[in-house]
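Some notes on the structure that comes next.
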Amino acid sequence: KQEVTQIPAALSVPEGENLVLNCSFTDSAIYNLQWFRQDPGKGLTSLLLIQSSQREQTSGRLNASLDKSSGRSTLYIAASQPGDSATYLCAVYTGTASKLTFGTGTRLQVTL
Amino acid sequence: EPEVTQTPSHQVTQMGQEVILRCVPISNHLYFYWYRQILGQKVEFLVSFYNNEISEKSEIFDDQFSVERPDGSNFTLKIRSTKLEDSAMYFCASSVYRDGIQYFGAGTRLSVL
């Protein structure tokens, strides 16, 4: 059974810092991995999707990497801003079951 | 930009009542999903739907749950007899491809009293 873990559970950084969020998964037989952002009481916004054959994806100040064999992904946020404050979720898609398995998330607060 | 829309945003119901949660997926998407998130917990998969059939369902998705695509645009989740533990945020999602990006709606908060 696929288990997804995210570390740290919460993170507070001053504006302007670069930061790394971590995601690990137990079953490396994944099709892809998706990073989402969730604002309090709101839905999930897709940030990046990395296919299993890729090692990196970039969108603006966000860069996600994937090391499938070791079961890890990182989300790098450059030059953090207060508007980045949210919960960040990673989710893996295993092709045998057409569903996403989510981690518990990292709650990020970027302070002025 | 196309988006997944869900109605209502908040539903309050009495235990034992039936509820229907509604979703309008993105128009050219073929795969549809329901997930739920109990307060403070992980987002959990409930069911996936393709070609008017359930493709996959979790152990949570028991006989009390059903899904339907009654027309070309709506996708509904019905809970026949709600329980207190059904209280959660329910998210609908859709994708073009089976392993493509899943786009989520804003969710329906279900409160069972």
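By convention here, the chains of the structure tokens are called A, B, ... in the order presented, each chain's residues are numbered starting at 1, and ligands are numbered starting at 1 in the order presented.
Using only C-alpha atoms, the chain A residues found within 8 Å of chain B amount to Tyr31, Asn32, Gln34, Lys42, Gly43, Leu44, Thr45, Ser46, Leu49, Tyr93, Gly95, Ala97, Ser98, Lys99, Leu100, Thr101, Phe102, Gly103, Thr104 and Gly105 of chain A.
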Restricting it to all heavy atoms, dump the selection as a short mmCIF file (atom, residue, chain, number, x, y, z; two decimals), in the first residue's frame.
```
data_model
loop_
_atom_site.label_atom_id
_atom_site.label_comp_id
_atom_site.auth_asym_id
_atom_site.auth_seq_id
_atom_site.Cartn_x
_atom_site.Cartn_y
_atom_site.Cartn_z
N TYR A 31 3.46 6.56 -11.64
CA TYR A 31 3.38 7.14 -12.99
C TYR A 31 3.83 8.60 -12.95
O TYR A 31 4.51 9.07 -13.84
CB TYR A 31 1.94 7.09 -13.50
CG TYR A 31 1.64 5.94 -14.41
CD1 TYR A 31 2.13 4.68 -14.15
CD2 TYR A 31 0.84 6.11 -15.53
CE1 TYR A 31 1.85 3.61 -14.99
CE2 TYR A 31 0.55 5.06 -16.38
CZ TYR A 31 1.05 3.82 -16.10
OH TYR A 31 0.76 2.77 -16.93
N ASN A 32 3.35 9.31 -11.94
CA ASN A 32 3.72 10.71 -11.83
C ASN A 32 3.51 11.18 -10.40
O ASN A 32 2.94 10.45 -9.56
CB ASN A 32 2.95 11.59 -12.82
CG ASN A 32 1.44 11.55 -12.62
OD1 ASN A 32 0.93 11.74 -11.53
ND2 ASN A 32 0.72 11.33 -13.71
N GLN A 34 2.37 14.85 -8.29
CA GLN A 34 1.81 16.18 -8.44
C GLN A 34 1.98 16.95 -7.14
O GLN A 34 1.74 16.40 -6.06
CB GLN A 34 0.30 16.05 -8.79
CG GLN A 34 -0.19 17.01 -9.83
CD GLN A 34 -1.61 16.72 -10.30
OE1 GLN A 34 -2.07 15.61 -10.46
NE2 GLN A 34 -2.33 17.80 -10.56
N LYS A 42 -10.06 26.02 1.41
CA LYS A 42 -10.23 26.11 -0.05
C LYS A 42 -9.87 24.80 -0.74
O LYS A 42 -9.46 23.82 -0.09
CB LYS A 42 -9.32 27.22 -0.61
CG LYS A 42 -9.54 28.57 0.01
CD LYS A 42 -10.82 29.19 -0.41
CE LYS A 42 -10.93 30.61 0.13
NZ LYS A 42 -12.25 31.19 -0.15
N GLY A 43 -10.02 24.81 -2.06
CA GLY A 43 -9.69 23.64 -2.86
C GLY A 43 -8.20 23.50 -3.09
O GLY A 43 -7.39 24.21 -2.50
N LEU A 44 -7.86 22.57 -3.96
CA LEU A 44 -6.47 22.27 -4.27
C LEU A 44 -6.10 22.88 -5.61
O LEU A 44 -6.81 22.66 -6.59
CB LEU A 44 -6.25 20.75 -4.33
CG LEU A 44 -6.75 19.96 -3.13
CD1 LEU A 44 -6.54 18.47 -3.34
CD2 LEU A 44 -6.05 20.40 -1.87
N THR A 45 -5.01 23.59 -5.64
CA THR A 45 -4.52 24.18 -6.89
C THR A 45 -3.29 23.40 -7.34
O THR A 45 -2.31 23.30 -6.58
CB THR A 45 -4.15 25.65 -6.68
OG1 THR A 45 -5.31 26.36 -6.22
CG2 THR A 45 -3.66 26.28 -7.99
N SER A 46 -3.34 22.84 -8.54
CA SER A 46 -2.19 22.10 -9.05
C SER A 46 -1.05 23.06 -9.37
O SER A 46 -1.25 24.08 -10.03
CB SER A 46 -2.59 21.33 -10.30
OG SER A 46 -1.49 20.62 -10.84
N LEU A 49 3.35 18.98 -12.16
CA LEU A 49 3.26 17.52 -12.31
C LEU A 49 4.57 17.04 -12.90
O LEU A 49 5.03 17.61 -13.90
CB LEU A 49 2.08 17.13 -13.20
CG LEU A 49 1.91 15.62 -13.46
CD1 LEU A 49 0.44 15.25 -13.50
CD2 LEU A 49 2.59 15.18 -14.73
N TYR A 93 0.64 9.27 -8.25
CA TYR A 93 -0.30 8.51 -9.07
C TYR A 93 0.36 7.20 -9.46
O TYR A 93 1.42 7.20 -10.09
CB TYR A 93 -0.65 9.31 -10.31
CG TYR A 93 -1.69 8.66 -11.19
CD1 TYR A 93 -3.04 8.91 -11.00
CD2 TYR A 93 -1.31 7.78 -12.20
CE1 TYR A 93 -4.00 8.30 -11.79
CE2 TYR A 93 -2.27 7.18 -13.00
CZ TYR A 93 -3.61 7.44 -12.79
OH TYR A 93 -4.55 6.83 -13.57
N GLY A 95 -0.16 3.85 -11.59
CA GLY A 95 -0.99 3.51 -12.74
C GLY A 95 -1.92 2.33 -12.52
O GLY A 95 -2.96 2.23 -13.14
N ALA A 97 -3.75 1.74 -10.05
CA ALA A 97 -5.00 2.25 -9.47
C ALA A 97 -5.14 3.70 -9.89
O ALA A 97 -4.28 4.50 -9.60
CB ALA A 97 -4.96 2.14 -7.95
N SER A 98 -6.19 4.03 -10.59
CA SER A 98 -6.33 5.38 -11.15
C SER A 98 -6.74 6.37 -10.08
O SER A 98 -7.88 6.84 -10.04
CB SER A 98 -7.32 5.37 -12.31
OG SER A 98 -8.55 4.82 -11.89
N LYS A 99 -5.80 6.66 -9.18
CA LYS A 99 -6.09 7.58 -8.09
C LYS A 99 -4.80 8.22 -7.62
O LYS A 99 -3.71 7.71 -7.84
CB LYS A 99 -6.71 6.82 -6.91
CG LYS A 99 -5.77 5.82 -6.27
CD LYS A 99 -6.40 5.12 -5.09
CE LYS A 99 -5.39 4.23 -4.39
NZ LYS A 99 -5.96 3.51 -3.25
N LEU A 100 -4.96 9.37 -6.96
CA LEU A 100 -3.84 10.02 -6.30
C LEU A 100 -3.82 9.63 -4.83
O LEU A 100 -4.88 9.56 -4.20
CB LEU A 100 -3.98 11.55 -6.40
CG LEU A 100 -3.76 12.18 -7.78
CD1 LEU A 100 -4.14 13.65 -7.75
CD2 LEU A 100 -2.31 12.02 -8.21
N THR A 101 -2.61 9.38 -4.32
CA THR A 101 -2.42 9.15 -2.89
C THR A 101 -1.68 10.36 -2.35
O THR A 101 -0.58 10.69 -2.83
CB THR A 101 -1.61 7.87 -2.62
OG1 THR A 101 -2.29 6.76 -3.20
CG2 THR A 101 -1.44 7.64 -1.13
N PHE A 102 -2.29 11.01 -1.37
CA PHE A 102 -1.79 12.29 -0.87
C PHE A 102 -0.94 12.13 0.39
O PHE A 102 -1.17 11.22 1.20
CB PHE A 102 -2.96 13.21 -0.52
CG PHE A 102 -3.59 13.88 -1.71
CD1 PHE A 102 -4.52 13.21 -2.49
CD2 PHE A 102 -3.23 15.17 -2.06
CE1 PHE A 102 -5.09 13.83 -3.59
CE2 PHE A 102 -3.80 15.80 -3.16
CZ PHE A 102 -4.73 15.12 -3.92
N GLY A 103 -0.01 13.08 0.56
CA GLY A 103 0.69 13.24 1.82
C GLY A 103 -0.13 14.12 2.76
O GLY A 103 -1.18 14.65 2.38
N THR A 104 0.39 14.29 3.98
CA THR A 104 -0.31 15.09 4.99
C THR A 104 -0.09 16.57 4.82
O THR A 104 -0.78 17.37 5.42
CB THR A 104 0.13 14.70 6.40
OG1 THR A 104 1.55 14.58 6.42
CG2 THR A 104 -0.50 13.39 6.83
N GLY A 105 0.90 16.95 4.01
CA GLY A 105 1.09 18.37 3.71
C GLY A 105 2.13 19.04 4.58
O GLY A 105 2.46 18.56 5.68
#
```
Residues at most 12 Å from Leu11 in chain A, counting only C-alpha atoms, excluding those fewer than 6 positions away in the same chain, as a ChimeraX atom specification? /A:17,19-22,84-88,105-111
Could you give me, as a PDB file with C-alpha atoms, in the first residue's frame, each residue of range 6-99 of chain A that DSSP assigns to strand (DSSP E or B) when run on this structure's backbone?
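Generated file (result_9.pdb):
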```pdb
ATOM      1  CA  GLN A   6       5.822  15.087   3.968  1.00  0.00           C
ATOM      2  CA  ILE A   7       8.456  16.752   6.099  1.00  0.00           C
ATOM      3  CA  ALA A  10       5.032  23.114   9.334  1.00  0.00           C
ATOM      4  CA  LEU A  11       7.557  25.735   8.375  1.00  0.00           C
ATOM      5  CA  SER A  12       7.876  29.438   9.067  1.00  0.00           C
ATOM      6  CA  VAL A  13      10.392  31.519   7.131  1.00  0.00           C
ATOM      7  CA  PRO A  14      11.038  35.223   6.595  1.00  0.00           C
ATOM      8  CA  LEU A  19      13.071  26.863   0.936  1.00  0.00           C
ATOM      9  CA  VAL A  20      12.690  23.154   0.289  1.00  0.00           C
ATOM     10  CA  LEU A  21       9.693  20.975   1.038  1.00  0.00           C
ATOM     11  CA  ASN A  22      10.140  17.228   1.108  1.00  0.00           C
ATOM     12  CA  CYS A  23       7.910  14.366   0.044  1.00  0.00           C
ATOM     13  CA  SER A  24       8.650  10.667   0.276  1.00  0.00           C
ATOM     14  CA  PHE A  25       6.663   7.672  -0.928  1.00  0.00           C
ATOM     15  CA  ASN A  32       3.716  10.713 -11.826  1.00  0.00           C
ATOM     16  CA  LEU A  33       3.810  13.014  -8.828  1.00  0.00           C
ATOM     17  CA  GLN A  34       1.810  16.181  -8.441  1.00  0.00           C
ATOM     18  CA  TRP A  35       2.390  19.118  -6.093  1.00  0.00           C
ATOM     19  CA  PHE A  36      -0.643  21.112  -4.947  1.00  0.00           C
ATOM     20  CA  ARG A  37      -1.261  24.229  -2.951  1.00  0.00           C
ATOM     21  CA  GLN A  38      -4.200  24.444  -0.530  1.00  0.00           C
ATOM     22  CA  LEU A  44      -6.466  22.270  -4.265  1.00  0.00           C
ATOM     23  CA  THR A  45      -4.518  24.179  -6.890  1.00  0.00           C
ATOM     24  CA  SER A  46      -2.187  22.100  -9.053  1.00  0.00           C
ATOM     25  CA  LEU A  47       1.321  23.567  -9.109  1.00  0.00           C
ATOM     26  CA  LEU A  48       3.473  21.047 -10.944  1.00  0.00           C
ATOM     27  CA  LEU A  49       3.260  17.524 -12.307  1.00  0.00           C
ATOM     28  CA  ILE A  50       6.384  15.422 -12.817  1.00  0.00           C
ATOM     29  CA  GLN A  51       6.162  12.292 -14.913  1.00  0.00           C
ATOM     30  CA  GLU A  56      12.620  18.069 -12.726  1.00  0.00           C
ATOM     31  CA  GLN A  57       9.826  20.470 -13.545  1.00  0.00           C
ATOM     32  CA  THR A  58       9.887  24.235 -13.194  1.00  0.00           C
ATOM     33  CA  SER A  59       7.175  26.853 -13.046  1.00  0.00           C
ATOM     34  CA  LEU A  62       8.873  26.749  -8.174  1.00  0.00           C
ATOM     35  CA  ASN A  63      11.076  23.799  -9.017  1.00  0.00           C
ATOM     36  CA  ALA A  64      10.112  20.216  -8.290  1.00  0.00           C
ATOM     37  CA  SER A  65      12.500  17.304  -8.501  1.00  0.00           C
ATOM     38  CA  LEU A  66      11.832  13.590  -8.491  1.00  0.00           C
ATOM     39  CA  ASP A  67      14.092  10.693  -7.526  1.00  0.00           C
ATOM     40  CA  ARG A  72      11.588  11.168  -2.943  1.00  0.00           C
ATOM     41  CA  SER A  73      10.504  14.490  -4.360  1.00  0.00           C
ATOM     42  CA  THR A  74      11.346  18.024  -3.319  1.00  0.00           C
ATOM     43  CA  LEU A  75       9.600  21.294  -4.012  1.00  0.00           C
ATOM     44  CA  TYR A  76      11.951  24.251  -4.070  1.00  0.00           C
ATOM     45  CA  ILE A  77      10.458  27.710  -3.664  1.00  0.00           C
ATOM     46  CA  ALA A  86      -0.452  27.938   2.320  1.00  0.00           C
ATOM     47  CA  THR A  87      -0.367  24.178   2.796  1.00  0.00           C
ATOM     48  CA  TYR A  88       1.591  22.317   0.143  1.00  0.00           C
ATOM     49  CA  LEU A  89       0.554  18.762  -0.673  1.00  0.00           C
ATOM     50  CA  CYS A  90       2.278  16.163  -2.759  1.00  0.00           C
ATOM     51  CA  ALA A  91       0.376  13.290  -4.306  1.00  0.00           C
ATOM     52  CA  VAL A  92       1.522  10.268  -6.279  1.00  0.00           C
ATOM     53  CA  TYR A  93      -0.302   8.514  -9.074  1.00  0.00           C
ATOM     54  CA  THR A  94       0.275   4.793  -9.420  1.00  0.00           C
ATOM     55  CA  LYS A  99      -6.090   7.578  -8.090  1.00  0.00           C
TER      56      LYS A  99
END
```
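Candidate residues A:Glu15, A:Gln2, A:Gly41, A:Arg61 were compared for distance to Ile38 in chain B, and the nearest is A:Gly41, using only C-alpha atoms.
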Name the residues in contact with Val67 in chain B at a cut-off of 10 Å, using only C-alpha atoms, excluding same-chain residues fewer than 4 positions from it; report them as a PyMOL selection string. chain B and resi 20-22+33-34+47-49+52-54+61+75-79
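Reported to one decimal place, the separation of CA of Asn18 in chain A from CA of Gln81 in chain A is 9.8 Å.
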Near range 2-8 of chain B, 6 Å: range 13-59 of chain B residue rows, closest pairs, only C-alpha atoms, as CSV:
```
residue,atom,partner,partner_atom,distance
B:Arg22,CA,B:Thr7,CA,5.3
B:Cys23,CA,B:Gln6,CA,4.4
B:Val24,CA,B:Thr5,CA,5.2
B:Pro25,CA,B:Val4,CA,4.7
B:Ile26,CA,B:Val4,CA,5.5
```
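We find CA of Ser27 in chain B and CA of Val12 in chain B to be spaced 28.7 Å apart.
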What is the distance between CA of Ser94 in chain B and CA of Gly71 in chain A, in Å to one decimal? 25.8 Å
